[in-house]
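As stored in start_33.tsv (TSV, C-alpha atoms):
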```tsv
chain	number	residue	atom	x	y	z
S	1	MET	CA	83.39	-201.84	-66.10
S	2	SER	CA	87.10	-201.69	-65.30
S	3	ASP	CA	89.39	-199.56	-67.44
S	4	GLY	CA	92.33	-201.81	-66.54
S	5	LYS	CA	94.56	-198.92	-65.47
S	6	THR	CA	94.87	-199.77	-61.80
S	7	LYS	CA	95.75	-203.00	-60.05
S	8	GLU	CA	93.43	-203.28	-57.06
S	9	ILE	CA	94.01	-205.58	-54.08
S	10	GLU	CA	91.19	-208.07	-53.69
S	11	SER	CA	90.46	-207.45	-49.99
S	12	ILE	CA	92.00	-206.69	-46.61
S	13	GLU	CA	91.17	-210.25	-45.61
S	14	LYS	CA	93.27	-211.68	-48.45
S	15	CYS	CA	96.21	-209.60	-47.22
S	16	LEU	CA	95.75	-210.93	-43.68
S	17	GLU	CA	96.08	-214.49	-44.96
S	18	LYS	CA	99.80	-213.81	-45.40
S	19	LEU	CA	100.17	-213.69	-41.59
S	20	SER	CA	100.83	-216.74	-39.48
S	21	LEU	CA	97.71	-218.49	-38.15
S	22	ASP	CA	98.24	-217.21	-34.59
S	23	ASP	CA	98.96	-213.64	-35.71
S	24	ARG	CA	96.02	-213.65	-38.10
S	25	LYS	CA	93.63	-214.78	-35.38
S	26	GLU	CA	94.81	-212.04	-33.02
S	27	VAL	CA	94.71	-209.32	-35.69
S	28	LYS	CA	91.16	-210.33	-36.66
S	29	ARG	CA	90.12	-210.22	-32.99
S	30	ILE	CA	91.40	-206.66	-32.78
S	31	LEU	CA	89.92	-205.60	-36.13
S	32	TYR	CA	86.57	-207.40	-36.01
S	33	GLY	CA	85.75	-208.11	-32.36
S	34	LYS	CA	84.52	-211.55	-31.34
S	35	GLU	CA	84.97	-214.31	-33.90
S	36	LEU	CA	81.81	-215.08	-35.85
S	37	ARG	CA	80.89	-218.61	-36.78
S	38	CYS	CA	80.67	-219.27	-40.52
S	39	LEU	CA	77.33	-220.36	-41.96
S	40	ASP	CA	77.03	-223.55	-43.96
S	41	ILE	CA	76.68	-222.67	-47.65
S	42	PRO	CA	74.70	-225.02	-49.91
S	43	ALA	CA	76.75	-226.77	-52.58
S	44	SER	CA	74.45	-225.37	-55.29
S	45	CYS	CA	75.26	-221.81	-54.20
S	46	LEU	CA	78.97	-222.53	-54.10
S	47	GLN	CA	78.80	-223.86	-57.65
S	48	ILE	CA	77.06	-220.73	-58.90
S	49	ALA	CA	79.49	-218.50	-57.03
S	50	THR	CA	82.50	-220.30	-58.49
S	51	LYS	CA	81.12	-220.28	-62.02
S	52	SER	CA	80.15	-216.59	-61.85
S	53	ASN	CA	83.22	-215.38	-59.89
S	54	ILE	CA	81.05	-214.24	-56.97
S	55	ASP	CA	82.43	-213.71	-53.48
S	56	LEU	CA	79.94	-215.66	-51.34
S	57	ALA	CA	80.21	-215.59	-47.55
S	58	GLY	CA	78.00	-216.22	-44.52
S	59	TYR	CA	78.35	-215.56	-40.79
S	60	THR	CA	76.20	-215.75	-37.68
S	61	PHE	CA	75.97	-213.24	-34.83
S	62	GLU	CA	75.19	-215.22	-31.68
S	63	CYS	CA	73.87	-213.85	-28.42
S	64	PRO	CA	73.07	-215.32	-25.00
S	65	VAL	CA	69.84	-217.29	-24.65
S	66	GLU	CA	67.16	-215.50	-22.60
S	67	GLN	CA	64.70	-217.12	-20.22
S	68	LEU	CA	61.57	-215.16	-21.18
S	69	ARG	CA	62.10	-214.22	-24.81
S	70	GLN	CA	62.60	-216.68	-27.63
S	71	ALA	CA	65.47	-216.04	-30.00
S	72	ARG	CA	64.52	-213.71	-32.88
S	73	ILE	CA	66.56	-215.13	-35.72
S	74	VAL	CA	66.63	-213.41	-39.11
S	75	ARG	CA	68.90	-213.86	-42.12
S	76	ILE	CA	69.87	-210.83	-44.19
S	77	GLY	CA	71.62	-210.63	-47.56
S	78	LEU	CA	73.86	-207.82	-48.84
S	79	VAL	CA	74.48	-207.66	-52.60
S	80	GLN	CA	77.31	-205.87	-54.39
S	81	PHE	CA	78.10	-206.02	-58.10
S	82	HIS	CA	79.61	-204.42	-61.20
S	83	ILE	CA	77.31	-203.03	-63.85
S	84	PRO	CA	77.09	-205.89	-66.38
S	85	LEU	CA	77.10	-203.78	-69.58
S	86	PRO	CA	79.06	-200.72	-70.74
S	87	THR	CA	77.52	-197.36	-69.84
S	88	ASN	CA	76.87	-196.57	-73.51
S	89	ALA	CA	74.69	-199.64	-74.04
S	90	PRO	CA	70.99	-198.89	-74.74
S	91	VAL	CA	69.05	-198.12	-71.56
S	92	PRO	CA	66.54	-201.01	-71.98
S	93	GLU	CA	69.41	-203.47	-72.39
S	94	GLN	CA	71.22	-202.16	-69.31
S	95	ARG	CA	68.07	-202.36	-67.19
S	96	SER	CA	67.27	-205.88	-68.42
S	97	ALA	CA	70.81	-207.08	-67.68
S	98	LEU	CA	70.70	-205.57	-64.18
S	99	HIS	CA	67.32	-207.17	-63.48
S	100	GLY	CA	68.71	-210.52	-64.58
S	101	LEU	CA	71.72	-210.11	-62.30
S	102	ALA	CA	69.48	-209.17	-59.37
S	103	GLU	CA	67.28	-212.22	-59.93
S	104	LYS	CA	70.34	-214.48	-59.80
S	105	PHE	CA	71.40	-213.00	-56.47
S	106	ILE	CA	67.88	-213.20	-55.04
S	107	LYS	CA	67.58	-216.87	-55.95
S	108	MET	CA	70.98	-217.61	-54.43
S	109	ALA	CA	69.97	-215.72	-51.28
S	110	ALA	CA	66.72	-217.69	-51.13
S	111	ASP	CA	68.70	-220.93	-51.24
S	112	MET	CA	70.59	-219.60	-48.21
S	113	LYS	CA	67.27	-218.91	-46.43
S	114	VAL	CA	67.63	-215.11	-46.50
S	115	ASN	CA	64.62	-213.19	-45.16
S	116	ILE	CA	65.65	-209.62	-46.08
S	117	ILE	CA	67.92	-208.60	-48.96
S	118	CYS	CA	69.31	-205.18	-49.87
S	119	PHE	CA	71.07	-204.00	-53.03
S	120	GLN	CA	73.62	-201.22	-53.52
S	121	GLU	CA	72.65	-197.59	-54.06
S	122	ALA	CA	70.96	-196.85	-57.42
S	123	TRP	CA	71.50	-200.48	-58.41
S	124	THR	CA	69.35	-200.20	-61.54
S	125	MET	CA	71.81	-197.95	-63.42
S	126	PRO	CA	75.41	-196.79	-63.74
S	127	PHE	CA	76.31	-194.26	-61.04
S	128	ALA	CA	76.31	-191.50	-63.64
S	129	PHE	CA	75.78	-188.51	-61.35
S	130	CYS	CA	79.40	-187.47	-61.81
S	131	THR	CA	78.71	-186.48	-65.41
S	132	ARG	CA	76.08	-183.78	-64.72
S	133	GLU	CA	74.42	-184.90	-67.98
S	134	ARG	CA	70.64	-185.36	-67.89
S	135	GLN	CA	70.47	-187.73	-70.84
S	136	PRO	CA	70.39	-190.65	-71.04
S	137	TRP	CA	70.76	-191.11	-67.29
S	138	LEU	CA	67.37	-189.74	-66.22
S	139	GLU	CA	65.74	-192.34	-68.43
S	140	PHE	CA	66.66	-194.84	-65.70
S	141	ALA	CA	64.39	-193.00	-63.21
S	142	GLU	CA	61.09	-194.74	-62.46
S	143	SER	CA	58.14	-194.77	-60.10
S	144	ALA	CA	58.88	-196.21	-56.68
S	145	GLU	CA	55.40	-197.73	-56.48
S	146	THR	CA	54.60	-198.86	-60.03
S	147	GLY	CA	57.89	-198.74	-61.96
S	148	ALA	CA	59.37	-201.64	-63.90
S	149	THR	CA	61.86	-202.53	-61.18
S	150	THR	CA	59.35	-202.56	-58.34
S	151	THR	CA	56.91	-204.63	-60.41
S	152	PHE	CA	59.69	-207.07	-61.28
S	153	LEU	CA	60.81	-207.44	-57.65
S	154	GLN	CA	57.29	-207.83	-56.25
S	155	GLN	CA	56.95	-211.20	-57.93
S	156	LEU	CA	60.32	-212.37	-56.61
S	157	ALA	CA	59.42	-211.20	-53.10
S	158	ILE	CA	56.28	-213.35	-53.17
S	159	GLU	CA	58.05	-216.31	-54.75
S	160	HIS	CA	60.82	-216.38	-52.14
S	161	ASN	CA	58.94	-215.01	-49.10
S	162	MET	CA	61.59	-212.28	-48.90
S	163	VAL	CA	61.64	-208.59	-48.01
S	164	ILE	CA	63.53	-206.70	-50.72
S	165	VAL	CA	65.15	-203.28	-50.22
S	166	SER	CA	65.57	-201.74	-53.67
S	167	PRO	CA	67.52	-198.46	-53.95
S	168	ILE	CA	66.58	-196.76	-57.23
S	169	LEU	CA	66.48	-193.41	-58.98
S	170	GLU	CA	62.86	-192.36	-58.42
S	171	ARG	CA	60.70	-190.25	-60.71
S	172	ASP	CA	57.75	-188.81	-58.76
S	173	GLU	CA	55.17	-188.45	-61.52
S	174	ASP	CA	52.57	-187.04	-59.11
S	175	HIS	CA	54.76	-184.07	-58.22
S	176	GLY	CA	56.09	-182.65	-61.46
S	177	ASP	CA	58.34	-185.59	-62.40
S	178	THR	CA	60.68	-184.68	-59.55
S	179	ILE	CA	63.75	-186.92	-59.24
S	180	TRP	CA	64.79	-188.50	-55.93
S	181	ASN	CA	67.41	-190.96	-54.69
S	182	THR	CA	65.09	-193.49	-53.08
S	183	SER	CA	65.04	-196.90	-51.45
S	184	VAL	CA	61.83	-198.90	-51.90
S	185	VAL	CA	60.84	-201.54	-49.32
S	186	ILE	CA	58.84	-204.44	-50.75
S	187	ASP	CA	57.54	-206.86	-48.12
S	188	ASN	CA	57.54	-210.64	-48.39
S	189	HIS	CA	53.96	-210.58	-49.70
S	190	GLY	CA	54.91	-208.38	-52.65
S	191	GLU	CA	53.38	-205.20	-51.22
S	192	VAL	CA	55.25	-201.88	-51.33
S	193	LEU	CA	55.59	-201.23	-47.61
S	194	GLY	CA	57.02	-197.77	-48.19
S	195	LYS	CA	60.04	-195.80	-49.33
S	196	HIS	CA	62.78	-193.57	-47.97
S	197	ARG	CA	64.49	-190.73	-49.80
S	198	LYS	CA	68.15	-189.90	-49.24
S	199	ASN	CA	68.49	-187.31	-46.46
S	200	HIS	CA	71.99	-185.98	-47.14
S	201	ILE	CA	73.32	-185.17	-50.63
S	202	PRO	CA	77.10	-184.93	-51.24
S	203	ARG	CA	78.81	-182.00	-52.90
S	204	VAL	CA	82.35	-183.29	-52.88
S	205	GLY	CA	84.68	-184.41	-55.69
S	206	ASP	CA	82.81	-186.01	-58.58
S	207	PHE	CA	79.67	-186.57	-56.49
S	208	ASN	CA	77.59	-184.00	-58.38
S	209	GLU	CA	74.30	-185.50	-57.22
S	210	SER	CA	72.52	-182.22	-56.47
S	211	THR	CA	72.44	-181.67	-60.25
S	212	TYR	CA	69.77	-184.40	-60.30
S	213	TYR	CA	68.01	-184.49	-56.92
S	214	MET	CA	67.95	-182.71	-53.59
S	215	GLU	CA	67.63	-183.75	-49.95
S	216	GLY	CA	64.81	-186.15	-49.20
S	217	ASN	CA	61.54	-185.33	-47.43
S	218	THR	CA	60.62	-188.65	-45.79
S	219	GLY	CA	62.26	-188.15	-42.39
S	220	HIS	CA	63.65	-191.27	-40.72
S	221	PRO	CA	61.08	-194.02	-41.33
S	222	VAL	CA	61.41	-197.48	-39.81
S	223	PHE	CA	59.62	-200.30	-41.61
S	224	GLN	CA	57.95	-202.99	-39.52
S	225	THR	CA	58.43	-206.23	-41.44
S	226	GLU	CA	57.60	-209.78	-40.40
S	227	PHE	CA	61.31	-210.30	-39.79
S	228	GLY	CA	62.13	-207.19	-37.77
S	229	LYS	CA	62.17	-203.39	-37.86
S	230	ILE	CA	64.44	-202.07	-40.61
S	231	ALA	CA	65.59	-198.68	-41.90
S	232	ILE	CA	67.72	-197.41	-44.79
S	233	ASN	CA	70.45	-194.80	-44.37
S	234	ILE	CA	71.37	-194.09	-47.98
S	235	CYS	CA	75.07	-193.64	-48.80
S	236	TYR	CA	76.30	-190.16	-47.76
S	237	GLY	CA	73.96	-190.20	-44.78
S	238	ARG	CA	76.46	-192.51	-43.06
S	239	HIS	CA	78.73	-189.49	-42.49
S	240	HIS	CA	76.04	-187.87	-40.29
S	241	PRO	CA	75.73	-189.37	-36.79
S	242	GLN	CA	72.36	-187.68	-36.24
S	243	ASN	CA	70.97	-189.54	-39.24
S	244	TRP	CA	71.94	-192.91	-37.74
S	245	MET	CA	70.65	-191.76	-34.34
S	246	MET	CA	67.15	-190.91	-35.55
S	247	PHE	CA	66.64	-194.33	-37.11
S	248	GLY	CA	67.54	-195.79	-33.72
S	249	ILE	CA	65.20	-193.45	-31.86
S	250	ASN	CA	62.41	-194.59	-34.19
S	251	GLY	CA	63.06	-198.20	-33.22
S	252	ALA	CA	65.22	-199.68	-35.99
S	253	GLU	CA	66.86	-203.04	-35.31
S	254	ILE	CA	68.68	-203.31	-38.66
S	255	VAL	CA	69.83	-200.30	-40.69
S	256	PHE	CA	70.99	-200.85	-44.26
S	257	ASN	CA	73.46	-198.41	-45.81
S	258	PRO	CA	73.32	-198.90	-49.60
S	259	SER	CA	76.20	-196.90	-51.06
S	260	ALA	CA	78.27	-196.01	-54.11
S	261	THR	CA	81.63	-194.71	-52.98
S	262	VAL	CA	85.17	-194.76	-54.35
S	263	GLY	CA	88.49	-195.64	-52.77
S	264	ALA	CA	90.29	-192.34	-53.26
S	265	LEU	CA	87.58	-190.51	-51.33
S	266	SER	CA	86.21	-192.63	-48.52
S	267	GLU	CA	87.83	-196.03	-48.10
S	268	PRO	CA	89.66	-195.26	-44.80
S	269	LEU	CA	86.29	-194.24	-43.32
S	270	TRP	CA	84.34	-197.22	-44.65
S	271	GLY	CA	85.05	-199.77	-41.95
S	272	ILE	CA	84.50	-197.24	-39.17
S	273	GLU	CA	81.26	-195.39	-39.79
S	274	ALA	CA	78.63	-198.14	-40.04
S	275	ARG	CA	80.33	-200.11	-37.27
S	276	ASN	CA	80.43	-197.07	-34.99
S	277	ALA	CA	76.73	-196.47	-35.71
S	278	ALA	CA	75.92	-200.04	-34.68
S	279	ILE	CA	77.70	-199.52	-31.37
S	280	ALA	CA	76.28	-196.07	-30.65
S	281	ASN	CA	72.69	-197.00	-31.49
S	282	SER	CA	72.50	-200.64	-30.34
S	283	TYR	CA	71.35	-202.08	-33.67
S	284	TYR	CA	72.79	-204.00	-36.62
S	285	THR	CA	74.22	-202.05	-39.56
S	286	CYS	CA	74.78	-203.28	-43.11
S	287	ALA	CA	77.27	-201.35	-45.25
S	288	ILE	CA	76.86	-202.12	-48.98
S	289	ASN	CA	78.99	-200.70	-51.80
S	290	ARG	CA	79.06	-201.30	-55.54
S	291	VAL	CA	82.14	-202.67	-57.32
S	292	GLY	CA	84.27	-201.72	-60.30
S	293	THR	CA	85.18	-198.70	-62.42
S	294	GLU	CA	82.40	-197.28	-64.57
S	295	VAL	CA	83.62	-195.46	-67.68
S	296	PHE	CA	81.33	-192.89	-69.33
S	297	PRO	CA	81.20	-191.77	-72.97
S	298	ASN	CA	82.10	-188.11	-72.34
S	299	GLU	CA	84.79	-186.50	-70.22
S	300	PHE	CA	83.74	-184.42	-67.23
S	301	THR	CA	85.32	-182.20	-64.58
S	302	SER	CA	84.14	-181.27	-61.10
S	303	GLY	CA	85.95	-178.03	-60.27
S	304	ASP	CA	88.42	-179.85	-58.03
S	305	THR	CA	91.63	-179.13	-60.03
S	306	LYS	CA	91.62	-182.59	-61.64
S	307	SER	CA	91.93	-182.83	-65.40
S	308	ALA	CA	88.96	-184.01	-67.44
S	309	HIS	CA	88.29	-187.73	-67.08
S	310	LYS	CA	85.69	-190.36	-67.95
S	311	ASP	CA	85.40	-192.44	-64.78
S	312	PHE	CA	84.46	-191.88	-61.16
S	313	GLY	CA	87.25	-194.05	-59.78
S	314	HIS	CA	87.14	-197.54	-58.29
S	315	PHE	CA	84.05	-198.56	-56.34
S	316	TYR	CA	85.64	-200.83	-53.76
S	317	GLY	CA	82.84	-203.12	-52.61
S	318	SER	CA	83.91	-204.38	-49.16
S	319	SER	CA	80.33	-204.80	-47.92
S	320	TYR	CA	80.02	-205.90	-44.28
S	321	VAL	CA	77.64	-206.29	-41.33
S	322	ALA	CA	78.28	-204.92	-37.84
S	323	GLY	CA	76.53	-205.91	-34.64
S	324	PRO	CA	75.43	-203.76	-31.69
S	325	ASP	CA	78.22	-205.33	-29.62
S	326	GLY	CA	80.84	-203.93	-32.01
S	327	SER	CA	81.65	-207.23	-33.70
S	328	ARG	CA	81.58	-207.32	-37.50
S	329	THR	CA	81.95	-209.65	-40.42
S	330	PRO	CA	84.94	-209.55	-42.71
S	331	GLY	CA	84.24	-207.47	-45.80
S	332	LEU	CA	83.41	-208.85	-49.20
S	333	SER	CA	85.90	-208.47	-52.05
S	334	ARG	CA	87.03	-205.06	-53.26
S	335	VAL	CA	86.93	-206.23	-56.88
S	336	LYS	CA	84.34	-209.01	-57.25
S	337	ASP	CA	80.56	-209.26	-57.21
S	338	GLY	CA	79.41	-210.63	-53.89
S	339	LEU	CA	76.66	-211.86	-51.61
S	340	LEU	CA	77.13	-211.61	-47.86
S	341	VAL	CA	74.61	-213.48	-45.70
S	342	ALA	CA	74.40	-212.85	-41.97
S	343	GLU	CA	72.24	-214.62	-39.43
S	344	LEU	CA	71.23	-212.25	-36.64
S	345	ASP	CA	69.51	-212.66	-33.30
S	346	LEU	CA	67.63	-209.39	-32.83
S	347	ASN	CA	67.52	-210.00	-29.07
S	348	LEU	CA	71.13	-208.80	-29.02
S	349	CYS	CA	69.93	-205.21	-29.59
S	350	ARG	CA	68.18	-204.99	-26.22
S	351	GLN	CA	70.87	-207.00	-24.46
S	352	ILE	CA	73.48	-204.45	-25.53
S	353	LYS	CA	71.23	-201.55	-24.47
S	354	ASP	CA	71.00	-203.15	-21.03
S	355	HIS	CA	74.76	-203.75	-20.90
S	356	TRP	CA	76.09	-200.36	-21.97
S	357	GLY	CA	73.17	-198.09	-21.04
S	358	PHE	CA	73.77	-195.81	-24.01
S	359	ARG	CA	70.06	-195.01	-24.35
S	360	MET	CA	69.67	-194.36	-20.64
S	361	THR	CA	72.62	-191.93	-20.68
S	362	GLN	CA	71.83	-190.40	-24.09
S	363	ARG	CA	70.54	-187.04	-22.73
S	364	LEU	CA	68.27	-186.22	-25.66
S	365	ASP	CA	66.74	-183.35	-23.68
S	366	LEU	CA	70.16	-181.70	-23.33
S	367	TYR	CA	70.95	-181.95	-27.03
S	368	ALA	CA	67.45	-180.99	-28.13
S	369	SER	CA	67.79	-177.74	-26.20
S	370	SER	CA	71.32	-177.07	-27.47
S	371	LEU	CA	70.43	-177.84	-31.10
S	372	ALA	CA	67.32	-175.68	-30.95
S	373	LYS	CA	69.53	-172.75	-29.88
S	374	ALA	CA	72.11	-173.57	-32.59
S	375	CYS	CA	69.39	-173.27	-35.24
S	376	CYS	CA	68.57	-169.68	-34.28
S	377	ASP	CA	70.03	-166.74	-36.20
S	378	ASP	CA	71.32	-165.13	-32.98
S	379	PHE	CA	73.15	-168.28	-31.83
S	380	LYS	CA	76.57	-167.80	-30.26
S	381	PRO	CA	78.89	-170.78	-29.60
S	382	GLN	CA	79.34	-171.59	-25.90
S	383	ILE	CA	82.98	-170.55	-25.65
S	384	ILE	CA	84.37	-169.43	-22.31
S	385	LYS	CA	87.04	-166.75	-22.64
S	386	LYS	CA	89.35	-165.20	-20.10
```
As structure tokens - that is how I would like this structure written.
Amino acid sequence: MSDGKTKEIESIEKCLEKLSLDDRKEVKRILYGKELRCLDIPASCLQIATKSNIDLAGYTFECPVEQLRQARIVRIGLVQFHIPLPTNAPVPEQRSALHGLAEKFIKMAADMKVNIICFQEAWTMPFAFCTRERQPWLEFAESAETGATTTFLQQLAIEHNMVIVSPILERDEDHGDTIWNTSVVIDNHGEVLGKHRKNHIPRVGDFNESTYYMEGNTGHPVFQTEFGKIAINICYGRHHPQNWMMFGINGAEIVFNPSATVGALSEPLWGIEARNAAIANSYYTCAINRVGTEVFPNEFTSGDTKSAHKDFGHFYGSSYVAGPDGSRTPGLSRVKDGLLVAELDLNLCRQIKDHWGFRMTQRLDLYASSLAKACCDDFKPQIIKK
């Protein structure tokens, strides 16, 4: 919920519209790579988007036709939104409102023939980890396999023949009620295909997440769905190139990056990191960020010299998709709820591997040896001195 203190620009793309047509086309070529064709959007979806003030966009990543392999076309959906109720609303009401919002986006995505959809980080709650308060925020935690959110989404996955990636706050009841930051993968038959827990936990600014959960223990799983091999690099993991690399080594073709990050901290990095990962690892990346300013009942501080405050800052949305060839979609709005649909040809992943040879020249053996030495207590940096 916005506190109304700051006037935010809607998006970089809106600013570019002030340029002349020729200049705008050239600037977009430099910023985004090859121009992507826009998808046709059903009139029914446009009506819903207009009525609900949703930024709705669709693009297609094309690649050359091959002689031996058929095109492997998949449509993905990225969802960003504000929390619909104030943070002090009763927990059941907040969860119900968020479920209702998710269902609206899933139905709109289904009308746009989306095969795989992913929500923002911890989409089932306010991003309250700045507060360091346990209550009521840990009441939002739930089982990844049998919790209310997973059960709710399983029916929608079946109904719409859609894979759903659902980032939640997990409560592991089998292991002492331990809390994790987790993404659940529900396949298009309503089965829980698996889950991934966040590998890297921030300790910067108001991101006091280690008060609630620690680094994940699920490695770098890749989920084989009927629509392609997908992985989830949760939020802060995007700052770690090795994290992206391991999903690629394990065979990912699409890596989702559900996030919750604010403009004052990370916005200059946002358009770079997921796009760079797509290039370096020859797969598609999907950067997803929540929207708005969430105000909490009690003031908090984070030991960073800032005075006590009640909000995290502005979550700037700007969700986008990047291709292995370095091209990318424009970002969604910085201030509005949004659905970004992208049509991908997964054949492009191998075509780019063949073109650039990044895997062939990767030298994993060299780095495995160097990293093994760096992990030893007696490690000395390889510095040559006169």
TODO: Kindly provide, as a PyMOL selection string, the polymer residues lying within 9 Å of (59.0, -212.5, -37.0), counting only C-alpha atoms and using the coordinates exactly as they appear in the file.
DONE: chain S and resi 72-74+225-228
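Using all atoms listed in the file, the nearest neighbour of Trp137 in chain S within the list S:Arg29, S:Lys107, S:His240, S:Arg95 is S:Arg95.
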Edge lengths and centre in Å, axis-aligned, range 224-231 of chain S plus 5 Å each side, as AutoDock Vina command-line options:
```
--center_x 61.6 --center_y -204.5 --center_z -39.8 --size_x 18.0 --size_y 21.6 --size_z 14.1
```
Open item on the list: Need to verify the contact set: range 170-176 of chain S, 7 Å, all atoms listed in the file, exclusion of same-chain residues closer than 3 positions in sequence. Can you return it as a list in words?
Closed with: Ala141, Glu142, Ser143, Ala144, Ile179, Trp180, Asn181 and Thr182 of chain S
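Of note, CA of Cys15 in chain S and CA of Lys28 in chain S are spaced 11.7 Å apart.
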